[in-house]
file structure.txt (compact mmCIF, N, CA and C atoms and all ligand atoms)
# COMPACT_ATOMS: atom_id res chain seq x y z
N MET A 1 -174.33 175.53 -26.99
CA MET A 1 -173.34 174.87 -26.15
C MET A 1 -172.67 173.76 -26.95
N LYS A 2 -171.55 173.31 -26.44
CA LYS A 2 -170.74 172.36 -27.18
C LYS A 2 -170.38 171.15 -26.31
N VAL A 3 -170.34 169.98 -26.92
CA VAL A 3 -169.82 168.80 -26.23
C VAL A 3 -168.83 168.10 -27.16
N THR A 4 -167.96 167.33 -26.58
CA THR A 4 -166.95 166.61 -27.35
C THR A 4 -167.05 165.13 -27.05
N LEU A 5 -167.14 164.34 -28.13
CA LEU A 5 -167.15 162.88 -27.99
C LEU A 5 -165.90 162.35 -28.66
N GLU A 6 -165.11 161.61 -27.90
CA GLU A 6 -163.87 161.05 -28.43
C GLU A 6 -164.12 159.59 -28.79
N THR A 7 -163.82 159.24 -30.02
CA THR A 7 -164.01 157.87 -30.46
C THR A 7 -162.73 157.06 -30.22
N SER A 8 -162.85 155.76 -30.35
CA SER A 8 -161.73 154.89 -29.97
C SER A 8 -160.53 155.06 -30.89
N ASP A 9 -160.72 155.71 -32.03
CA ASP A 9 -159.58 155.99 -32.92
C ASP A 9 -158.93 157.33 -32.56
N SER A 10 -159.26 157.83 -31.36
CA SER A 10 -158.68 159.08 -30.81
C SER A 10 -159.08 160.33 -31.57
N ILE A 11 -160.18 160.27 -32.28
CA ILE A 11 -160.70 161.47 -32.93
C ILE A 11 -161.71 162.13 -31.98
N ALA A 12 -161.53 163.44 -31.77
CA ALA A 12 -162.44 164.19 -30.91
C ALA A 12 -163.47 164.89 -31.79
N HIS A 13 -164.73 164.54 -31.60
CA HIS A 13 -165.81 165.15 -32.38
C HIS A 13 -166.47 166.21 -31.50
N SER A 14 -166.24 167.47 -31.81
CA SER A 14 -166.89 168.55 -31.06
C SER A 14 -168.15 168.95 -31.81
N ILE A 15 -169.27 168.91 -31.12
CA ILE A 15 -170.54 169.21 -31.78
C ILE A 15 -171.30 170.27 -31.01
N GLU A 16 -172.09 171.03 -31.75
CA GLU A 16 -172.98 172.02 -31.13
C GLU A 16 -174.26 171.30 -30.74
N VAL A 17 -174.73 171.54 -29.54
CA VAL A 17 -175.94 170.86 -29.06
C VAL A 17 -176.88 171.89 -28.43
N ASP A 18 -178.15 171.49 -28.37
CA ASP A 18 -179.14 172.35 -27.72
C ASP A 18 -179.34 171.89 -26.28
N PRO A 19 -179.40 172.82 -25.33
CA PRO A 19 -179.71 172.43 -23.97
C PRO A 19 -181.04 171.67 -23.94
N GLY A 20 -181.09 170.62 -23.16
CA GLY A 20 -182.31 169.83 -23.06
C GLY A 20 -182.30 168.58 -23.92
N GLN A 21 -181.43 168.56 -24.93
CA GLN A 21 -181.25 167.34 -25.73
C GLN A 21 -180.54 166.29 -24.89
N THR A 22 -180.74 165.03 -25.26
CA THR A 22 -179.88 164.02 -24.63
C THR A 22 -178.58 163.94 -25.42
N LEU A 23 -177.56 163.46 -24.74
CA LEU A 23 -176.27 163.28 -25.41
C LEU A 23 -176.40 162.29 -26.56
N MET A 24 -177.20 161.26 -26.38
CA MET A 24 -177.39 160.28 -27.46
C MET A 24 -178.04 160.94 -28.67
N ALA A 25 -179.09 161.71 -28.46
CA ALA A 25 -179.78 162.35 -29.59
C ALA A 25 -178.85 163.32 -30.31
N ALA A 26 -178.08 164.06 -29.55
CA ALA A 26 -177.14 165.01 -30.15
C ALA A 26 -176.09 164.28 -30.98
N ALA A 27 -175.58 163.18 -30.45
CA ALA A 27 -174.53 162.43 -31.15
C ALA A 27 -175.07 161.82 -32.45
N THR A 28 -176.22 161.18 -32.36
CA THR A 28 -176.74 160.53 -33.57
C THR A 28 -177.16 161.57 -34.61
N ALA A 29 -177.69 162.70 -34.17
CA ALA A 29 -178.07 163.76 -35.12
C ALA A 29 -176.85 164.32 -35.84
N ASN A 30 -175.70 164.17 -35.21
CA ASN A 30 -174.46 164.67 -35.82
C ASN A 30 -173.65 163.56 -36.49
N GLY A 31 -174.29 162.42 -36.70
CA GLY A 31 -173.66 161.36 -37.49
C GLY A 31 -172.57 160.59 -36.78
N ILE A 32 -172.56 160.63 -35.46
CA ILE A 32 -171.54 159.88 -34.73
C ILE A 32 -172.04 158.45 -34.56
N SER A 33 -171.66 157.61 -35.50
CA SER A 33 -172.24 156.28 -35.59
C SER A 33 -171.73 155.33 -34.51
N GLU A 34 -170.68 155.72 -33.80
CA GLU A 34 -170.18 154.87 -32.70
C GLU A 34 -171.19 154.80 -31.56
N ILE A 35 -172.09 155.77 -31.48
CA ILE A 35 -173.22 155.67 -30.55
C ILE A 35 -174.32 154.93 -31.32
N VAL A 36 -174.47 153.65 -31.02
CA VAL A 36 -175.39 152.81 -31.79
C VAL A 36 -176.85 153.11 -31.43
N ALA A 37 -177.14 153.17 -30.14
CA ALA A 37 -178.48 153.55 -29.66
C ALA A 37 -179.58 152.67 -30.25
N GLU A 38 -179.38 151.40 -30.16
CA GLU A 38 -180.30 150.45 -30.78
C GLU A 38 -181.73 150.58 -30.26
N CYS A 39 -181.91 150.87 -28.99
CA CYS A 39 -183.27 150.92 -28.42
C CYS A 39 -183.93 152.27 -28.62
N GLY A 40 -183.21 153.22 -29.17
CA GLY A 40 -183.80 154.52 -29.44
C GLY A 40 -183.92 155.42 -28.22
N GLY A 41 -183.27 155.05 -27.14
CA GLY A 41 -183.23 155.94 -25.98
C GLY A 41 -184.11 155.52 -24.82
N THR A 42 -184.51 154.27 -24.78
CA THR A 42 -185.37 153.81 -23.69
C THR A 42 -184.58 153.16 -22.55
N ALA A 43 -183.29 153.31 -22.57
CA ALA A 43 -182.43 152.78 -21.50
C ALA A 43 -182.58 151.27 -21.34
N THR A 44 -182.59 150.56 -22.46
CA THR A 44 -182.71 149.11 -22.38
C THR A 44 -181.59 148.37 -23.12
N CYS A 45 -180.87 149.04 -24.04
CA CYS A 45 -179.93 148.28 -24.88
C CYS A 45 -178.47 148.39 -24.45
N GLY A 46 -178.10 149.49 -23.88
CA GLY A 46 -176.71 149.70 -23.46
C GLY A 46 -175.76 150.04 -24.60
N THR A 47 -176.27 150.28 -25.79
CA THR A 47 -175.38 150.56 -26.92
C THR A 47 -175.13 152.07 -27.12
N CYS A 48 -175.35 152.82 -26.07
CA CYS A 48 -174.99 154.25 -26.10
C CYS A 48 -174.04 154.54 -24.93
N HIS A 49 -173.32 153.50 -24.52
CA HIS A 49 -172.41 153.60 -23.37
C HIS A 49 -171.28 154.59 -23.63
N VAL A 50 -171.05 155.48 -22.68
CA VAL A 50 -169.91 156.41 -22.77
C VAL A 50 -169.21 156.46 -21.42
N TRP A 51 -167.94 156.84 -21.46
CA TRP A 51 -167.17 157.14 -20.25
C TRP A 51 -167.07 158.66 -20.15
N VAL A 52 -167.67 159.20 -19.11
CA VAL A 52 -167.68 160.65 -18.93
C VAL A 52 -166.34 161.09 -18.33
N ASP A 53 -165.79 162.17 -18.88
CA ASP A 53 -164.57 162.74 -18.30
C ASP A 53 -164.84 163.01 -16.81
N PRO A 54 -163.95 162.53 -15.93
CA PRO A 54 -164.20 162.68 -14.49
C PRO A 54 -164.44 164.12 -14.06
N THR A 55 -163.92 165.07 -14.80
CA THR A 55 -164.12 166.49 -14.47
C THR A 55 -165.61 166.84 -14.41
N PHE A 56 -166.39 166.15 -15.21
CA PHE A 56 -167.82 166.48 -15.33
C PHE A 56 -168.72 165.53 -14.55
N ALA A 57 -168.14 164.46 -14.03
CA ALA A 57 -168.98 163.39 -13.46
C ALA A 57 -169.91 163.91 -12.36
N ASN A 58 -169.44 164.84 -11.55
CA ASN A 58 -170.26 165.33 -10.44
C ASN A 58 -171.40 166.24 -10.89
N LEU A 59 -171.36 166.67 -12.14
CA LEU A 59 -172.42 167.55 -12.65
C LEU A 59 -173.61 166.76 -13.19
N LEU A 60 -173.41 165.46 -13.33
CA LEU A 60 -174.49 164.63 -13.87
C LEU A 60 -175.41 164.16 -12.76
N PRO A 61 -176.69 163.98 -13.08
CA PRO A 61 -177.59 163.43 -12.06
C PRO A 61 -177.18 162.03 -11.66
N GLU A 62 -177.59 161.61 -10.48
CA GLU A 62 -177.30 160.25 -10.01
C GLU A 62 -177.88 159.23 -10.97
N LEU A 63 -177.24 158.08 -11.03
CA LEU A 63 -177.78 156.96 -11.79
C LEU A 63 -179.09 156.51 -11.17
N ASP A 64 -180.07 156.18 -11.99
CA ASP A 64 -181.23 155.52 -11.41
C ASP A 64 -181.03 154.00 -11.55
N GLU A 65 -181.93 153.25 -10.97
CA GLU A 65 -181.74 151.81 -10.90
C GLU A 65 -181.69 151.16 -12.28
N ARG A 66 -182.53 151.65 -13.17
CA ARG A 66 -182.59 151.06 -14.50
C ARG A 66 -181.28 151.27 -15.25
N GLU A 67 -180.77 152.51 -15.23
CA GLU A 67 -179.51 152.79 -15.92
C GLU A 67 -178.39 151.96 -15.31
N ASP A 68 -178.39 151.87 -13.99
CA ASP A 68 -177.38 151.09 -13.29
C ASP A 68 -177.41 149.63 -13.75
N ASP A 69 -178.60 149.06 -13.85
CA ASP A 69 -178.75 147.67 -14.29
C ASP A 69 -178.24 147.47 -15.71
N VAL A 70 -178.59 148.40 -16.60
CA VAL A 70 -178.16 148.27 -18.00
C VAL A 70 -176.65 148.41 -18.10
N LEU A 71 -176.08 149.31 -17.32
CA LEU A 71 -174.62 149.48 -17.34
C LEU A 71 -173.89 148.23 -16.85
N ASP A 72 -174.56 147.45 -16.00
CA ASP A 72 -173.96 146.19 -15.56
C ASP A 72 -173.78 145.22 -16.72
N GLY A 73 -174.56 145.40 -17.78
CA GLY A 73 -174.52 144.45 -18.89
C GLY A 73 -173.80 144.94 -20.14
N VAL A 74 -173.16 146.12 -20.07
CA VAL A 74 -172.50 146.61 -21.29
C VAL A 74 -171.29 145.75 -21.65
N ILE A 75 -170.96 145.76 -22.93
CA ILE A 75 -169.87 144.91 -23.43
C ILE A 75 -168.50 145.45 -23.00
N ALA A 76 -168.31 146.74 -23.15
CA ALA A 76 -167.02 147.34 -22.77
C ALA A 76 -166.94 147.45 -21.24
N GLU A 77 -165.74 147.68 -20.77
CA GLU A 77 -165.51 147.82 -19.34
C GLU A 77 -166.44 148.89 -18.73
N ARG A 78 -167.08 148.53 -17.63
CA ARG A 78 -167.83 149.53 -16.90
C ARG A 78 -166.87 150.26 -15.97
N ARG A 79 -166.85 151.58 -16.09
CA ARG A 79 -165.97 152.40 -15.25
C ARG A 79 -166.81 153.24 -14.28
N PRO A 80 -166.17 153.85 -13.28
CA PRO A 80 -166.95 154.68 -12.33
C PRO A 80 -167.74 155.79 -13.01
N THR A 81 -167.25 156.27 -14.16
CA THR A 81 -167.96 157.36 -14.83
C THR A 81 -168.74 156.86 -16.05
N SER A 82 -168.99 155.57 -16.14
CA SER A 82 -169.82 155.05 -17.24
C SER A 82 -171.24 155.58 -17.13
N ARG A 83 -171.80 156.00 -18.26
CA ARG A 83 -173.20 156.42 -18.32
C ARG A 83 -173.79 155.99 -19.66
N LEU A 84 -175.13 155.98 -19.68
CA LEU A 84 -175.83 155.79 -20.94
C LEU A 84 -176.10 157.18 -21.54
N ALA A 85 -175.63 157.40 -22.76
CA ALA A 85 -175.77 158.72 -23.36
C ALA A 85 -177.24 159.14 -23.51
N CYS A 86 -178.12 158.15 -23.61
CA CYS A 86 -179.54 158.50 -23.76
C CYS A 86 -180.16 159.00 -22.46
N GLN A 87 -179.45 158.82 -21.36
CA GLN A 87 -179.97 159.29 -20.07
C GLN A 87 -179.28 160.56 -19.59
N VAL A 88 -178.36 161.06 -20.41
CA VAL A 88 -177.64 162.29 -20.06
C VAL A 88 -178.31 163.46 -20.77
N VAL A 89 -179.08 164.22 -20.01
CA VAL A 89 -179.74 165.40 -20.58
C VAL A 89 -178.75 166.56 -20.47
N LEU A 90 -178.57 167.24 -21.59
CA LEU A 90 -177.53 168.26 -21.66
C LEU A 90 -178.01 169.59 -21.08
N ALA A 91 -177.93 169.68 -19.77
CA ALA A 91 -178.23 170.93 -19.08
C ALA A 91 -177.11 171.93 -19.36
N ALA A 92 -177.44 173.20 -19.19
CA ALA A 92 -176.49 174.26 -19.55
C ALA A 92 -175.15 174.11 -18.84
N GLU A 93 -175.16 173.62 -17.61
CA GLU A 93 -173.89 173.50 -16.87
C GLU A 93 -172.97 172.43 -17.45
N LEU A 94 -173.49 171.65 -18.39
CA LEU A 94 -172.65 170.63 -19.03
C LEU A 94 -171.99 171.15 -20.31
N ASP A 95 -172.08 172.44 -20.54
CA ASP A 95 -171.38 173.01 -21.70
C ASP A 95 -169.90 172.66 -21.60
N GLY A 96 -169.35 172.13 -22.68
CA GLY A 96 -167.94 171.73 -22.69
C GLY A 96 -167.72 170.28 -22.29
N LEU A 97 -168.81 169.57 -22.03
CA LEU A 97 -168.71 168.16 -21.61
C LEU A 97 -167.83 167.36 -22.58
N VAL A 98 -167.03 166.47 -22.00
CA VAL A 98 -166.18 165.58 -22.79
C VAL A 98 -166.49 164.15 -22.37
N VAL A 99 -166.75 163.29 -23.34
CA VAL A 99 -166.95 161.87 -23.07
C VAL A 99 -166.15 161.05 -24.07
N GLU A 100 -165.87 159.83 -23.67
CA GLU A 100 -165.16 158.89 -24.53
C GLU A 100 -166.14 157.77 -24.89
N ILE A 101 -166.12 157.34 -26.12
CA ILE A 101 -167.00 156.26 -26.56
C ILE A 101 -166.18 154.98 -26.61
N PRO A 102 -166.57 153.95 -25.86
CA PRO A 102 -165.83 152.68 -25.93
C PRO A 102 -165.86 152.11 -27.34
N GLU A 103 -164.82 151.35 -27.66
CA GLU A 103 -164.75 150.77 -29.01
C GLU A 103 -165.91 149.81 -29.26
N GLU A 104 -166.25 149.04 -28.24
CA GLU A 104 -167.31 148.04 -28.42
C GLU A 104 -168.60 148.49 -27.75
N GLN A 105 -169.69 148.44 -28.52
CA GLN A 105 -171.00 148.76 -27.95
C GLN A 105 -171.88 147.51 -27.92
N TRP A 106 -171.52 146.50 -28.72
CA TRP A 106 -172.28 145.27 -28.70
C TRP A 106 -171.48 144.12 -29.21
FE1 LIG A 201 -180.40 152.16 -25.71
FE2 LIG A 201 -179.34 154.30 -24.53
S1 LIG A 201 -180.03 154.13 -26.56
S2 LIG A 201 -179.71 152.36 -23.68

call {"tool": "encode", "arguments": {"input": "structure.txt", "output": "structure tokens", "more": "lines below"}}
Ligand code: FES
result
Amino acid sequence: MKVTLETSDSIAHSIEVDPGQTLMAAATANGISEIVAECGGTATCGTCHVWVDPTFANLLPELDEREDDVLDGVIAERRPTSRLACQVVLAAELDGLVVEIPEEQW
């Protein structure tokens, strides 16, 4: 399956991912350094913040309280489709997912 991450310089990075991976793990494994992921995926740092294309927002699981709290503290604007990439598990129905990476992660 494939996902696309758009960086703030308007470059779209389409990468092949394995179902079950997190979006953060897939991005960092593919060298997308704009996903900082300082905490390594424990949902504590907020440096894997992405804006999910609204087309896909309803396919993602609900935010849990921890992710919601961390998103309250991100540096870039929090939008209705803001998520932490480390909490987005790439289920098969997310094939073709598109997200935007904010310019600022910290
Ligand atoms: Fe730290 Fe996602 S990697 S919150």

call {"tool": "residues_around", "arguments": {"input": "structure.txt", "residues": "Glu103 (chain A)", "least_positions_apart": "3", "cutoff": "7 Å", "atoms": "only N, CA and C atoms", "output": "tab-separated table (two decimals) with N, CA and C atoms, in the coordinates of the input"}}
result
chain	number	residue	atom	x	y	z
A	7	THR	N	-163.82	159.24	-30.02
A	7	THR	CA	-164.01	157.87	-30.46
A	7	THR	C	-162.73	157.06	-30.22
A	8	SER	N	-162.85	155.76	-30.35
A	8	SER	CA	-161.73	154.89	-29.97
A	8	SER	C	-160.53	155.06	-30.89
A	76	ALA	N	-168.31	146.74	-23.15
A	76	ALA	CA	-167.02	147.34	-22.77
A	76	ALA	C	-166.94	147.45	-21.24
A	106	TRP	N	-171.52	146.50	-28.72
A	106	TRP	CA	-172.28	145.27	-28.70
A	106	TRP	C	-171.48	144.12	-29.21

call {"tool": "closest_residue", "arguments": {"input": "structure.txt", "among": "A:Glu77, A:Asp18, A:Asp95, A:Glu67", "to": "ligand LIG 201 (chain A)", "atoms": "all atoms listed in the file"}}
result
A:Glu67

call {"tool": "residues_around", "arguments": {"input": "structure.txt", "residues": "Pro61 (chain A)", "least_positions_apart": "6", "cutoff": "8 Å", "atoms": "only N, CA and C atoms", "output": "list in words"}}
result
Gln87, Val88 and Val89 of chain A

call {"tool": "atom_distance", "arguments": {"input": "structure.txt", "atom1": "CA of Cys48 (chain A)", "atom2": "atom N of Glu104 (chain A)"}}
result
10.4 Å

call {"tool": "select_by_dssp", "arguments": {"input": "structure.txt", "residues": "chain A", "states": "strand (DSSP E or B)", "output": "PyMOL selection string"}}
result
chain A and resi 2-6+12-16+22+49-52+82-84+89+98-100

call {"tool": "atom_distance", "arguments": {"input": "structure.txt", "atom1": "CA of Pro54 (chain A)", "atom2": "CA of Leu94 (chain A)"}}
result
12.5 Å

call {"tool": "decode", "arguments": {"input": "structure.txt", "residues": "region 30-59 of chain A", "atoms": "N, CA and C atoms", "output": "PDB file, in the first residue's frame"}}
result
ATOM      1  N   ASN A  30      11.635   5.875   5.673  1.00  0.00           N
ATOM      2  CA  ASN A  30      11.836   6.350   4.296  1.00  0.00           C
ATOM      3  C   ASN A  30      12.565   7.689   4.241  1.00  0.00           C
ATOM      4  N   GLY A  31      13.168   8.070   5.343  1.00  0.00           N
ATOM      5  CA  GLY A  31      14.028   9.250   5.342  1.00  0.00           C
ATOM      6  C   GLY A  31      13.313  10.580   5.307  1.00  0.00           C
ATOM      7  N   ILE A  32      12.053  10.597   5.700  1.00  0.00           N
ATOM      8  CA  ILE A  32      11.321  11.862   5.700  1.00  0.00           C
ATOM      9  C   ILE A  32      11.612  12.564   7.029  1.00  0.00           C
ATOM     10  N   SER A  33      12.617  13.406   7.006  1.00  0.00           N
ATOM     11  CA  SER A  33      13.147  13.971   8.239  1.00  0.00           C
ATOM     12  C   SER A  33      12.238  15.038   8.849  1.00  0.00           C
ATOM     13  N   GLU A  34      11.245  15.503   8.088  1.00  0.00           N
ATOM     14  CA  GLU A  34      10.301  16.489   8.634  1.00  0.00           C
ATOM     15  C   GLU A  34       9.449  15.878   9.748  1.00  0.00           C
ATOM     16  N   ILE A  35       9.340  14.563   9.769  1.00  0.00           N
ATOM     17  CA  ILE A  35       8.724  13.882  10.918  1.00  0.00           C
ATOM     18  C   ILE A  35       9.857  13.640  11.913  1.00  0.00           C
ATOM     19  N   VAL A  36       9.906  14.471  12.936  1.00  0.00           N
ATOM     20  CA  VAL A  36      11.037  14.429  13.875  1.00  0.00           C
ATOM     21  C   VAL A  36      10.931  13.219  14.803  1.00  0.00           C
ATOM     22  N   ALA A  37       9.753  13.009  15.381  1.00  0.00           N
ATOM     23  CA  ALA A  37       9.489  11.830  16.225  1.00  0.00           C
ATOM     24  C   ALA A  37      10.492  11.691  17.367  1.00  0.00           C
ATOM     25  N   GLU A  38      10.666  12.764  18.074  1.00  0.00           N
ATOM     26  CA  GLU A  38      11.677  12.797  19.131  1.00  0.00           C
ATOM     27  C   GLU A  38      11.452  11.736  20.208  1.00  0.00           C
ATOM     28  N   CYS A  39      10.217  11.442  20.547  1.00  0.00           N
ATOM     29  CA  CYS A  39       9.961  10.485  21.640  1.00  0.00           C
ATOM     30  C   CYS A  39       9.964   9.044  21.169  1.00  0.00           C
ATOM     31  N   GLY A  40      10.106   8.835  19.877  1.00  0.00           N
ATOM     32  CA  GLY A  40      10.181   7.476  19.361  1.00  0.00           C
ATOM     33  C   GLY A  40       8.834   6.777  19.252  1.00  0.00           C
ATOM     34  N   GLY A  41       7.758   7.527  19.380  1.00  0.00           N
ATOM     35  CA  GLY A  41       6.440   6.942  19.147  1.00  0.00           C
ATOM     36  C   GLY A  41       5.626   6.671  20.391  1.00  0.00           C
ATOM     37  N   THR A  42       5.971   7.308  21.491  1.00  0.00           N
ATOM     38  CA  THR A  42       5.225   7.078  22.730  1.00  0.00           C
ATOM     39  C   THR A  42       4.140   8.130  22.967  1.00  0.00           C
ATOM     40  N   ALA A  43       3.847   8.906  21.966  1.00  0.00           N
ATOM     41  CA  ALA A  43       2.780   9.917  22.049  1.00  0.00           C
ATOM     42  C   ALA A  43       3.021  10.909  23.184  1.00  0.00           C
ATOM     43  N   THR A  44       4.254  11.382  23.289  1.00  0.00           N
ATOM     44  CA  THR A  44       4.546  12.360  24.336  1.00  0.00           C
ATOM     45  C   THR A  44       5.188  13.640  23.804  1.00  0.00           C
ATOM     46  N   CYS A  45       5.745  13.627  22.576  1.00  0.00           N
ATOM     47  CA  CYS A  45       6.527  14.797  22.150  1.00  0.00           C
ATOM     48  C   CYS A  45       5.785  15.730  21.196  1.00  0.00           C
ATOM     49  N   GLY A  46       4.897  15.206  20.405  1.00  0.00           N
ATOM     50  CA  GLY A  46       4.160  16.026  19.443  1.00  0.00           C
ATOM     51  C   GLY A  46       4.952  16.398  18.200  1.00  0.00           C
ATOM     52  N   THR A  47       6.130  15.831  18.022  1.00  0.00           N
ATOM     53  CA  THR A  47       6.951  16.211  16.862  1.00  0.00           C
ATOM     54  C   THR A  47       6.729  15.284  15.654  1.00  0.00           C
ATOM     55  N   CYS A  48       5.600  14.612  15.653  1.00  0.00           N
ATOM     56  CA  CYS A  48       5.209  13.825  14.471  1.00  0.00           C
ATOM     57  C   CYS A  48       3.836  14.303  13.994  1.00  0.00           C
ATOM     58  N   HIS A  49       3.539  15.562  14.294  1.00  0.00           N
ATOM     59  CA  HIS A  49       2.233  16.150  13.970  1.00  0.00           C
ATOM     60  C   HIS A  49       2.009  16.200  12.458  1.00  0.00           C
ATOM     61  N   VAL A  50       0.847  15.735  12.024  1.00  0.00           N
ATOM     62  CA  VAL A  50       0.468  15.846  10.612  1.00  0.00           C
ATOM     63  C   VAL A  50      -0.976  16.331  10.518  1.00  0.00           C
ATOM     64  N   TRP A  51      -1.295  16.925   9.371  1.00  0.00           N
ATOM     65  CA  TRP A  51      -2.675  17.272   9.035  1.00  0.00           C
ATOM     66  C   TRP A  51      -3.156  16.238   8.010  1.00  0.00           C
ATOM     67  N   VAL A  52      -4.139  15.469   8.407  1.00  0.00           N
ATOM     68  CA  VAL A  52      -4.659  14.414   7.533  1.00  0.00           C
ATOM     69  C   VAL A  52      -5.608  15.031   6.510  1.00  0.00           C
ATOM     70  N   ASP A  53      -5.461  14.615   5.260  1.00  0.00           N
ATOM     71  CA  ASP A  53      -6.410  15.058   4.229  1.00  0.00           C
ATOM     72  C   ASP A  53      -7.827  14.719   4.712  1.00  0.00           C
ATOM     73  N   PRO A  54      -8.734  15.699   4.687  1.00  0.00           N
ATOM     74  CA  PRO A  54     -10.083  15.459   5.217  1.00  0.00           C
ATOM     75  C   PRO A  54     -10.786  14.261   4.596  1.00  0.00           C
ATOM     76  N   THR A  55     -10.419  13.911   3.378  1.00  0.00           N
ATOM     77  CA  THR A  55     -11.026  12.753   2.716  1.00  0.00           C
ATOM     78  C   THR A  55     -10.849  11.474   3.539  1.00  0.00           C
ATOM     79  N   PHE A  56      -9.766  11.416   4.278  1.00  0.00           N
ATOM     80  CA  PHE A  56      -9.429  10.195   5.013  1.00  0.00           C
ATOM     81  C   PHE A  56      -9.745  10.285   6.505  1.00  0.00           C
ATOM     82  N   ALA A  57     -10.111  11.477   6.958  1.00  0.00           N
ATOM     83  CA  ALA A  57     -10.218  11.692   8.407  1.00  0.00           C
ATOM     84  C   ALA A  57     -11.183  10.709   9.069  1.00  0.00           C
ATOM     85  N   ASN A  58     -12.281  10.378   8.395  1.00  0.00           N
ATOM     86  CA  ASN A  58     -13.270   9.490   9.008  1.00  0.00           C
ATOM     87  C   ASN A  58     -12.820   8.040   9.065  1.00  0.00           C
ATOM     88  N   LEU A  59     -11.747   7.711   8.362  1.00  0.00           N
ATOM     89  CA  LEU A  59     -11.248   6.334   8.373  1.00  0.00           C
ATOM     90  C   LEU A  59     -10.295   6.072   9.530  1.00  0.00           C
TER      91      LEU A  59
END
